[in-house]
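Engineer: What follows is data.cif, made up of mmCIF, C-alpha atoms and all ligand atoms:
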data_target
loop_
_atom_site.label_atom_id
_atom_site.label_comp_id
_atom_site.auth_asym_id
_atom_site.auth_seq_id
_atom_site.Cartn_x
_atom_site.Cartn_y
_atom_site.Cartn_z
CA MET A 13 72.65 93.85 -49.17
CA ARG A 14 73.48 91.59 -46.25
CA ASN A 15 69.89 91.17 -44.97
CA LEU A 16 66.45 92.13 -46.25
CA LEU A 17 64.72 93.81 -43.33
CA GLY A 18 62.65 96.48 -45.08
CA LEU A 19 62.28 98.47 -48.30
CA GLU A 20 62.82 101.74 -46.43
CA GLU A 21 66.50 100.97 -46.17
CA ILE A 22 67.23 99.85 -49.73
CA SER A 23 67.77 102.11 -52.70
CA ALA A 24 65.75 102.30 -55.92
CA GLU A 25 68.75 100.78 -57.70
CA GLU A 26 68.83 97.77 -55.34
CA ILE A 27 65.06 97.33 -55.69
CA ARG A 28 65.35 97.39 -59.50
CA ARG A 29 68.19 94.87 -59.39
CA LEU A 30 66.08 92.46 -57.31
CA LEU A 31 63.06 92.90 -59.58
CA LEU A 32 65.10 92.31 -62.74
CA SER A 33 66.58 89.21 -61.15
CA ALA A 34 63.03 88.05 -60.26
CA THR A 35 61.88 88.44 -63.88
CA GLY A 36 64.79 86.20 -64.90
CA PHE A 37 63.87 83.59 -62.29
CA LYS A 38 60.22 83.72 -63.36
CA GLU A 39 61.23 82.03 -66.60
CA ILE A 40 62.24 78.94 -64.59
CA LEU A 41 58.70 78.76 -63.18
CA SER A 42 57.26 78.19 -66.65
CA ARG A 43 59.62 75.31 -67.50
CA PRO A 44 58.31 71.71 -67.44
CA VAL A 45 61.01 70.84 -64.90
CA ARG A 46 61.25 73.69 -62.42
CA LYS A 47 64.72 73.15 -61.02
CA ALA A 48 68.03 75.01 -61.10
CA PRO A 49 71.22 74.07 -59.24
CA THR A 50 71.90 77.67 -58.20
CA LEU A 51 71.78 77.22 -54.40
CA ARG A 52 72.73 73.56 -54.09
CA GLY A 53 74.28 72.81 -50.72
CA ARG A 54 72.73 75.87 -49.01
CA SER A 55 70.01 75.74 -46.39
CA MET A 56 67.18 78.16 -45.63
CA VAL A 57 65.25 78.01 -42.36
CA THR A 58 61.75 79.49 -42.03
CA LEU A 59 60.80 80.50 -38.49
CA PHE A 60 57.24 81.86 -38.39
CA TYR A 61 55.76 82.98 -35.07
CA GLU A 62 52.58 84.00 -36.93
CA ALA A 63 50.42 82.07 -39.37
CA SER A 64 51.13 82.19 -43.10
CA THR A 65 50.08 80.43 -46.28
CA ARG A 66 51.57 82.46 -49.13
CA THR A 67 54.84 83.73 -47.72
CA ARG A 68 56.10 80.58 -46.02
CA THR A 69 55.05 78.26 -48.85
CA SER A 70 56.54 80.47 -51.54
CA PHE A 71 59.85 80.78 -49.68
CA GLU A 72 59.93 76.99 -49.43
CA MET A 73 59.11 76.59 -53.14
CA ALA A 74 61.68 79.23 -54.11
CA ALA A 75 64.43 77.51 -52.11
CA LYS A 76 63.58 74.07 -53.45
CA ILE A 77 63.43 75.22 -57.09
CA LEU A 78 66.92 76.66 -56.58
CA SER A 79 68.03 73.31 -55.04
CA ALA A 80 68.55 74.69 -51.52
CA GLU A 81 67.42 72.77 -48.44
CA ALA A 82 64.25 74.31 -46.97
CA ILE A 83 63.69 73.63 -43.28
CA ASN A 84 60.55 74.83 -41.55
CA VAL A 85 60.53 75.30 -37.78
CA ALA A 86 56.98 74.75 -36.56
CA VAL A 87 57.03 77.27 -33.72
CA ALA A 88 54.03 75.74 -31.93
CA GLN A 89 55.92 72.41 -31.69
CA SER A 90 59.30 73.97 -30.94
CA SER A 91 61.14 74.85 -27.74
CA VAL A 92 59.67 78.34 -28.02
CA THR A 93 56.68 76.81 -26.19
CA LYS A 94 59.08 75.95 -23.30
CA GLY A 95 60.06 79.60 -23.06
CA GLU A 96 63.17 79.70 -25.27
CA SER A 97 63.99 83.28 -26.18
CA LEU A 98 64.16 84.62 -29.72
CA GLN A 99 67.90 85.16 -29.34
CA ASP A 100 68.55 81.58 -28.21
CA THR A 101 66.24 80.17 -30.87
CA VAL A 102 67.95 81.93 -33.78
CA ARG A 103 71.45 81.24 -32.42
CA THR A 104 70.53 77.57 -32.10
CA LEU A 105 69.46 77.52 -35.75
CA GLN A 106 72.73 79.17 -36.72
CA ALA A 107 74.65 76.56 -34.72
CA LEU A 108 72.81 73.96 -36.81
CA GLN A 109 74.56 75.56 -39.84
CA MET A 110 71.64 77.27 -41.57
CA ASP A 111 72.74 79.62 -44.35
CA CYS A 112 69.76 82.00 -44.20
CA LEU A 113 66.90 82.74 -41.80
CA VAL A 114 63.43 83.80 -42.94
CA ILE A 115 61.51 85.08 -39.94
CA ARG A 116 57.96 86.28 -39.28
CA HIS A 117 57.20 87.69 -35.85
CA GLN A 118 54.45 89.66 -34.18
CA TYR A 119 56.87 92.31 -32.87
CA SER A 120 58.09 95.17 -35.06
CA GLY A 121 61.88 95.00 -35.09
CA ALA A 122 62.14 91.25 -34.42
CA ALA A 123 63.87 90.59 -37.76
CA GLU A 124 66.42 93.35 -37.16
CA TYR A 125 67.03 92.00 -33.66
CA ALA A 126 67.66 88.51 -35.09
CA ALA A 127 70.00 89.97 -37.73
CA LYS A 128 72.08 91.63 -35.01
CA LYS A 129 72.52 88.29 -33.27
CA LEU A 130 73.47 86.30 -36.39
CA ASP A 131 76.27 86.10 -38.94
CA VAL A 132 74.00 84.67 -41.65
CA PRO A 133 71.53 86.71 -43.76
CA VAL A 134 68.08 87.39 -42.29
CA ILE A 135 64.96 88.02 -44.39
CA ASN A 136 62.02 89.75 -42.77
CA ALA A 137 58.83 87.87 -43.70
CA GLY A 138 56.70 90.36 -41.74
CA ASP A 139 57.42 91.94 -38.34
CA GLY A 140 54.43 93.33 -36.47
CA ARG A 141 53.24 96.53 -38.11
CA HIS A 142 56.67 97.43 -39.46
CA GLU A 143 57.47 95.91 -42.89
CA HIS A 144 56.91 92.93 -45.17
CA PRO A 145 59.56 93.64 -47.83
CA THR A 146 59.11 90.59 -50.06
CA GLN A 147 55.38 91.37 -50.27
CA GLY A 148 56.36 94.91 -51.29
CA LEU A 149 58.68 93.57 -54.00
CA LEU A 150 56.09 91.20 -55.41
CA ASP A 151 53.55 94.03 -55.47
CA LEU A 152 56.04 96.17 -57.41
CA ILE A 153 56.81 93.53 -60.00
CA SER A 154 53.10 92.77 -60.45
CA VAL A 155 52.35 96.43 -61.21
CA CYS A 156 55.41 96.78 -63.49
CA GLU A 157 54.25 93.74 -65.48
CA HIS A 158 50.67 94.92 -65.87
CA PHE A 159 51.67 98.43 -66.99
CA GLY A 160 54.44 97.21 -69.32
CA ARG A 161 57.19 98.74 -67.18
CA VAL A 162 59.38 95.65 -66.69
CA GLN A 163 62.22 97.01 -68.84
CA SER A 164 62.39 100.33 -67.02
CA MET A 165 61.05 99.33 -63.59
CA ASP A 166 59.87 102.94 -63.48
CA LEU A 167 56.35 103.67 -62.23
CA SER A 168 56.34 107.43 -62.80
CA GLY A 169 52.92 108.81 -63.61
CA LEU A 170 51.01 106.10 -61.74
CA THR A 171 48.93 106.63 -58.61
CA ILE A 172 48.67 103.78 -56.13
CA ALA A 173 45.84 103.92 -53.58
CA ILE A 174 46.44 101.73 -50.53
CA VAL A 175 43.11 101.33 -48.81
CA GLY A 176 41.86 100.14 -45.45
CA ASP A 177 43.54 99.16 -42.21
CA ILE A 178 46.77 101.09 -42.70
CA SER A 179 47.87 101.34 -39.09
CA HIS A 180 48.10 97.58 -38.51
CA SER A 181 49.58 96.82 -41.94
CA ARG A 182 53.24 96.07 -42.58
CA VAL A 183 52.41 95.72 -46.29
CA ALA A 184 51.27 99.37 -46.40
CA ARG A 185 54.68 100.53 -45.19
CA SER A 186 56.72 98.34 -47.53
CA ASP A 187 54.51 99.35 -50.46
CA ALA A 188 54.76 103.03 -49.58
CA TRP A 189 58.57 102.89 -49.67
CA GLY A 190 58.77 100.59 -52.67
CA PHE A 191 56.26 102.31 -54.97
CA SER A 192 57.58 105.77 -54.18
CA ARG A 193 61.19 104.66 -54.81
CA LEU A 194 60.09 103.57 -58.31
CA GLY A 195 58.47 106.95 -58.97
CA ALA A 196 54.76 106.33 -58.28
CA GLN A 197 52.52 108.59 -56.20
CA VAL A 198 51.24 106.72 -53.14
CA ARG A 199 48.03 107.46 -51.24
CA PHE A 200 46.82 105.99 -47.99
CA ALA A 201 43.04 105.94 -47.64
CA GLY A 202 41.31 104.66 -44.53
CA PRO A 203 39.33 105.63 -41.47
CA LYS A 204 41.13 107.96 -39.08
CA THR A 205 41.08 105.27 -36.39
CA LEU A 206 43.06 102.97 -38.71
CA MET A 207 45.60 105.54 -39.88
CA PRO A 208 49.04 105.58 -38.21
CA SER A 209 50.09 108.75 -36.42
CA ASN A 210 53.48 108.79 -38.18
CA CYS A 211 52.21 109.14 -41.78
CA ARG A 212 54.20 112.35 -42.18
CA SER A 213 57.41 110.34 -42.05
CA LEU A 214 56.22 108.21 -44.99
CA PRO A 215 56.28 109.18 -48.70
CA VAL A 216 52.47 109.24 -49.00
CA THR A 217 49.48 111.54 -49.05
CA VAL A 218 46.61 110.68 -46.71
CA CYS A 219 42.88 110.65 -47.58
CA SER A 220 40.23 110.09 -44.94
CA ASP A 221 37.50 109.73 -47.56
CA LEU A 222 37.32 106.72 -49.90
CA LYS A 223 36.12 108.67 -52.95
CA ALA A 224 39.02 111.12 -52.68
CA GLY A 225 41.43 108.22 -52.10
CA LEU A 226 40.33 106.38 -55.23
CA GLU A 227 39.84 109.30 -57.60
CA GLY A 228 42.24 108.93 -60.53
CA ALA A 229 43.98 105.90 -59.01
CA ASP A 230 45.63 103.46 -61.44
CA VAL A 231 46.00 100.75 -58.80
CA ILE A 232 43.95 99.97 -55.69
CA ASN A 233 45.72 97.83 -53.13
CA VAL A 234 43.10 96.66 -50.64
CA LEU A 235 44.35 95.76 -47.17
CA ARG A 236 42.99 93.11 -44.89
CA LEU A 237 41.21 94.30 -41.78
CA GLN A 238 43.65 92.92 -39.20
CA THR A 239 41.25 92.23 -36.37
CA GLU A 240 43.85 90.06 -34.59
CA ARG A 241 46.05 93.14 -34.01
CA GLN A 242 43.32 95.69 -33.31
CA GLU A 243 42.33 96.97 -29.94
CA LYS A 244 38.55 97.24 -29.41
CA GLY A 245 36.51 100.29 -30.38
CA LEU A 246 38.29 101.29 -33.60
CA LEU A 247 35.29 100.52 -35.81
CA PRO A 248 31.55 100.89 -35.25
CA SER A 249 30.91 97.47 -36.85
CA LEU A 250 32.21 95.31 -39.69
CA ARG A 251 29.08 96.02 -41.67
CA GLU A 252 29.56 99.78 -41.41
CA TYR A 253 33.26 99.47 -42.21
CA SER A 254 32.39 97.45 -45.28
CA ARG A 255 29.75 99.92 -46.40
CA GLN A 256 32.04 102.94 -45.97
CA TRP A 257 35.46 101.53 -46.90
CA GLY A 258 34.86 98.25 -48.72
CA ILE A 259 36.00 98.04 -52.35
CA SER A 260 33.02 97.08 -54.47
CA ALA A 261 31.81 97.65 -58.04
CA ARG A 262 30.27 100.91 -56.77
CA SER A 263 33.47 102.32 -55.26
CA MET A 264 35.58 101.10 -58.21
CA GLN A 265 33.79 103.70 -60.35
CA TRP A 266 35.73 106.43 -58.53
CA ALA A 267 39.10 105.04 -59.67
CA LYS A 268 40.45 105.27 -63.23
CA PRO A 269 38.57 103.02 -65.67
CA GLY A 270 40.34 99.65 -65.69
CA ALA A 271 42.24 100.31 -62.43
CA LEU A 272 44.09 97.23 -61.19
CA VAL A 273 42.89 95.61 -57.98
CA MET A 274 45.42 94.08 -55.61
CA HIS A 275 45.23 92.45 -52.19
CA PRO A 276 48.14 90.90 -50.28
CA GLY A 277 45.88 88.13 -48.93
CA PRO A 278 44.36 86.52 -47.04
CA MET A 279 41.14 88.29 -48.03
CA ASN A 280 38.07 88.89 -45.92
CA ARG A 281 35.60 88.67 -48.78
CA GLY A 282 32.57 90.81 -48.15
CA VAL A 283 34.42 92.98 -45.61
CA GLU A 284 37.26 94.98 -47.24
CA ILE A 285 36.60 93.66 -50.77
CA SER A 286 33.54 92.25 -52.51
CA ALA A 287 33.80 88.86 -54.18
CA ASP A 288 32.92 90.26 -57.62
CA VAL A 289 35.82 92.72 -57.46
CA ALA A 290 38.25 90.14 -56.03
CA ASP A 291 37.40 87.77 -58.89
CA GLY A 292 36.81 90.45 -61.51
CA CYS A 293 38.77 91.06 -64.71
CA HIS A 294 40.91 93.84 -63.18
CA SER A 295 42.02 91.77 -60.20
CA ILE A 296 45.66 90.60 -60.19
CA ILE A 297 45.44 89.07 -56.72
CA PHE A 298 46.53 85.57 -57.77
CA ASP A 299 49.21 86.92 -60.14
CA GLN A 300 50.69 88.58 -57.05
CA VAL A 301 50.94 85.16 -55.40
CA THR A 302 52.74 83.64 -58.41
CA ASN A 303 55.17 86.55 -58.50
CA GLY A 304 55.92 85.90 -54.84
CA VAL A 305 57.84 82.76 -55.76
CA ALA A 306 60.02 84.54 -58.35
CA VAL A 307 60.71 87.46 -56.01
CA ARG A 308 61.72 85.14 -53.19
CA MET A 309 64.01 83.20 -55.54
CA ALA A 310 65.70 86.52 -56.39
CA VAL A 311 66.06 87.49 -52.73
CA LEU A 312 67.45 84.08 -51.73
CA TYR A 313 69.89 84.20 -54.62
CA GLN A 314 70.98 87.72 -53.71
CA LEU A 315 71.57 86.86 -50.06
CA MET A 316 72.77 83.25 -50.24
CA GLY A 317 74.18 82.97 -53.75
CA VAL A 318 75.84 86.13 -54.96
CA GLU A 319 77.40 87.06 -51.65
CA ARG A 320 78.90 83.62 -51.09
CA GLU A 321 80.25 83.44 -54.64
N1 LIG A 401 50.45 88.22 -47.85
C1 LIG A 401 50.86 87.39 -46.87
O1 LIG A 401 51.81 87.67 -46.15
O2 LIG A 401 50.14 86.24 -46.79
P1 LIG A 401 50.42 85.07 -45.75
O3 LIG A 401 50.08 85.62 -44.37
O4 LIG A 401 49.51 83.95 -46.15
O5 LIG A 401 51.87 84.71 -45.81
#
Can you turn what I pasted into structure tokens?
Ligand code: CP
Structural biologist:
Amino acid sequence: MRNLLGLEEISAEEIRRLLLSATGFKEILSRPVRKAPTLRGRSMVTLFYEASTRTRTSFEMAAKILSAEAINVAVAQSSVTKGESLQDTVRTLQALQMDCLVIRHQYSGAAEYAAKKLDVPVINAGDGRHEHPTQGLLDLISVCEHFGRVQSMDLSGLTIAIVGDISHSRVARSDAWGFSRLGAQVRFAGPKTLMPSNCRSLPVTVCSDLKAGLEGADVINVLRLQTERQEKGLLPSLREYSRQWGISARSMQWAKPGALVMHPGPMNRGVEISADVADGCHSIIFDQVTNGVAVRMAVLYQLMGVERE
């Protein structure tokens, strides 16, 4: 692995290797002093053209725990606002001797474009509707942990229902590739207006009815309604969307008893998920966030540590 641009392009074996590495790094997170010298002298730059709380902060924490320098480019205060192109921006950061670029961008393919222009590793932290591979990895490890599959990293026999605004979601695509590579059955469930036209090219089955989508599911991954990416007219109203597609105690009855509830965050409570489900005993939403740090430590180590050594 030279870059991490998407889970579509990496094998089950590579995914398992990253997840096993993440479980090792997770042990460091429980130590009183959370520090390892693993990436001392290396520098990671985060360049986010879109807002983020979880991803950017956890990359920064992961780098710092591994003793790397973590430099954040605040795009709104950068020369991007003077019209500097993506190519010139990333080449400038390379000329400043960064060792790894973590990029989030509104355009699908932006991370791959940056990788083609650079000699240093690039990590896709979310590109348009395409992929969000580290979110996919942290979702995988969270499910492996909760079903006792950490040793095998094999999710055969499990059904994962990914529910909601599929067409605007990069998490849906990364999860579809990741969960299916580890042997799970993946379902997309959402309104037809929020379902991508290219579902046939993905390893999923599609349900346009919430009950059918949830029936027998072991895991429900609820997606945020991405109103910032949507064109108008896709939904009658938020209230009707919530009534028909929102995950609540009522709709949870259609899934397997005890089904896990996930959400990549940020949540629109009361829209795609009710507060009682988000905070309920089957929710692992905040465990996902914690696992994000360990996964990003593993990815940084893989791309900045192993390769260099
Ligand atoms: N899940 C996720 O990508 O969250 P942020 O937008 O807060 O990084």
Engineer: Using all atoms listed in the file, determine which residues fall within 6 Å of ligand LIG 401 (chain A), then list them as a PDB file with C-alpha atoms, in the coordinates of the input.
Structural biologist:
ATOM      1  CA  SER A  64      51.130  82.190 -43.100  1.00  0.00           C
ATOM      2  CA  THR A  65      50.080  80.430 -46.280  1.00  0.00           C
ATOM      3  CA  ARG A  66      51.570  82.460 -49.130  1.00  0.00           C
ATOM      4  CA  THR A  67      54.840  83.730 -47.720  1.00  0.00           C
ATOM      5  CA  ARG A  68      56.100  80.580 -46.020  1.00  0.00           C
ATOM      6  CA  PRO A 276      48.140  90.900 -50.280  1.00  0.00           C
ATOM      7  CA  GLY A 277      45.880  88.130 -48.930  1.00  0.00           C
ATOM      8  CA  PRO A 278      44.360  86.520 -47.040  1.00  0.00           C
TER       9      PRO A 278
END
Engineer: Within 12 Å of (31.9, 101.3, -52.7), only C-alpha atoms: residues as a list of chain:residue names?
Structural biologist: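 Residues satisfying the cut-off, written out: A:Val175, A:Asp221, A:Leu222, A:Lys223, A:Gly225, A:Leu226, A:Glu252, A:Tyr253, A:Ser254, A:Arg255, A:Gln256, A:Trp257, A:Gly258, A:Ile259, A:Ser260, A:Ala261, A:Arg262, A:Ser263, A:Met264, A:Gln265, A:Trp266, A:Ala267, A:Gly282, A:Val283, A:Glu284, A:Ile285, A:Ser286, A:Val289.
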Engineer: Interatomic distance between atom CA of Gly140 of chain A and atom CA of Ser179 of chain A?
Structural biologist: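 These two atoms are separated by 10.7 Å.
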Engineer: With a cut-off of 8 Å, could you pull out the residues of segment 20-65 of chain A touching segment 109-133 of chain A and give me the nearest pair of atoms for each, distance in Å to one decimal, using only C-alpha atoms, ordered by chain and ascending number, as JSON lines?
Structural biologist:
{"residue": "A:Arg54", "atom": "CA", "partner": "A:Asp111", "partner_atom": "CA", "distance": 6.0}
{"residue": "A:Ser55", "atom": "CA", "partner": "A:Asp111", "partner_atom": "CA", "distance": 5.2}
{"residue": "A:Met56", "atom": "CA", "partner": "A:Cys112", "partner_atom": "CA", "distance": 4.8}
{"residue": "A:Val57", "atom": "CA", "partner": "A:Leu113", "partner_atom": "CA", "distance": 5.0}
{"residue": "A:Thr58", "atom": "CA", "partner": "A:Val114", "partner_atom": "CA", "distance": 4.7}
{"residue": "A:Leu59", "atom": "CA", "partner": "A:Ile115", "partner_atom": "CA", "distance": 4.9}
{"residue": "A:Phe60", "atom": "CA", "partner": "A:Arg116", "partner_atom": "CA", "distance": 4.6}
{"residue": "A:Tyr61", "atom": "CA", "partner": "A:His117", "partner_atom": "CA", "distance": 5.0}
{"residue": "A:Glu62", "atom": "CA", "partner": "A:His117", "partner_atom": "CA", "distance": 6.0}
Engineer: State, in Å with one decimal place, the distance from atom CA of Tyr313 of chain A to atom CA of Leu30 of chain A.
Structural biologist: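 Computing the Euclidean distance for atom CA of Tyr313 of chain A and atom CA of Leu30 of chain A yields 9.5 Å.
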Engineer: Work out how far atom CA of Asp230 of chain A is from atom CA of Leu170 of chain A, in Å to one decimal.
Structural biologist: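 About the pair atom CA of Leu170 of chain A and atom CA of Asp230 of chain A: they are 6.0 Å apart.
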Engineer: Nearest to Val307 of chain A: which of A:Ser154, A:Val87, A:Ala201, A:Gln106 is it, counting all atoms listed in the file?
Structural biologist: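 Smallest distance to Val307 of chain A is found for A:Ser154.
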Engineer: Return the single residue from A:Asp166, A:Glu240, A:Asp100, A:Asp187 that is closest to Glu25 of chain A, with distances computed using all atoms listed in the file.
Structural biologist: A:Asp166
Engineer: Just checking: using only C-alpha atoms, which residue out of A:Gly228, A:Gly176, A:Pro248, A:Gly148 ends up closest to Arg193 of chain A?
Structural biologist: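 Going through A:Gly228, A:Gly176, A:Pro248, A:Gly148 one by one, the smallest distance to Arg193 of chain A is for A:Gly148.
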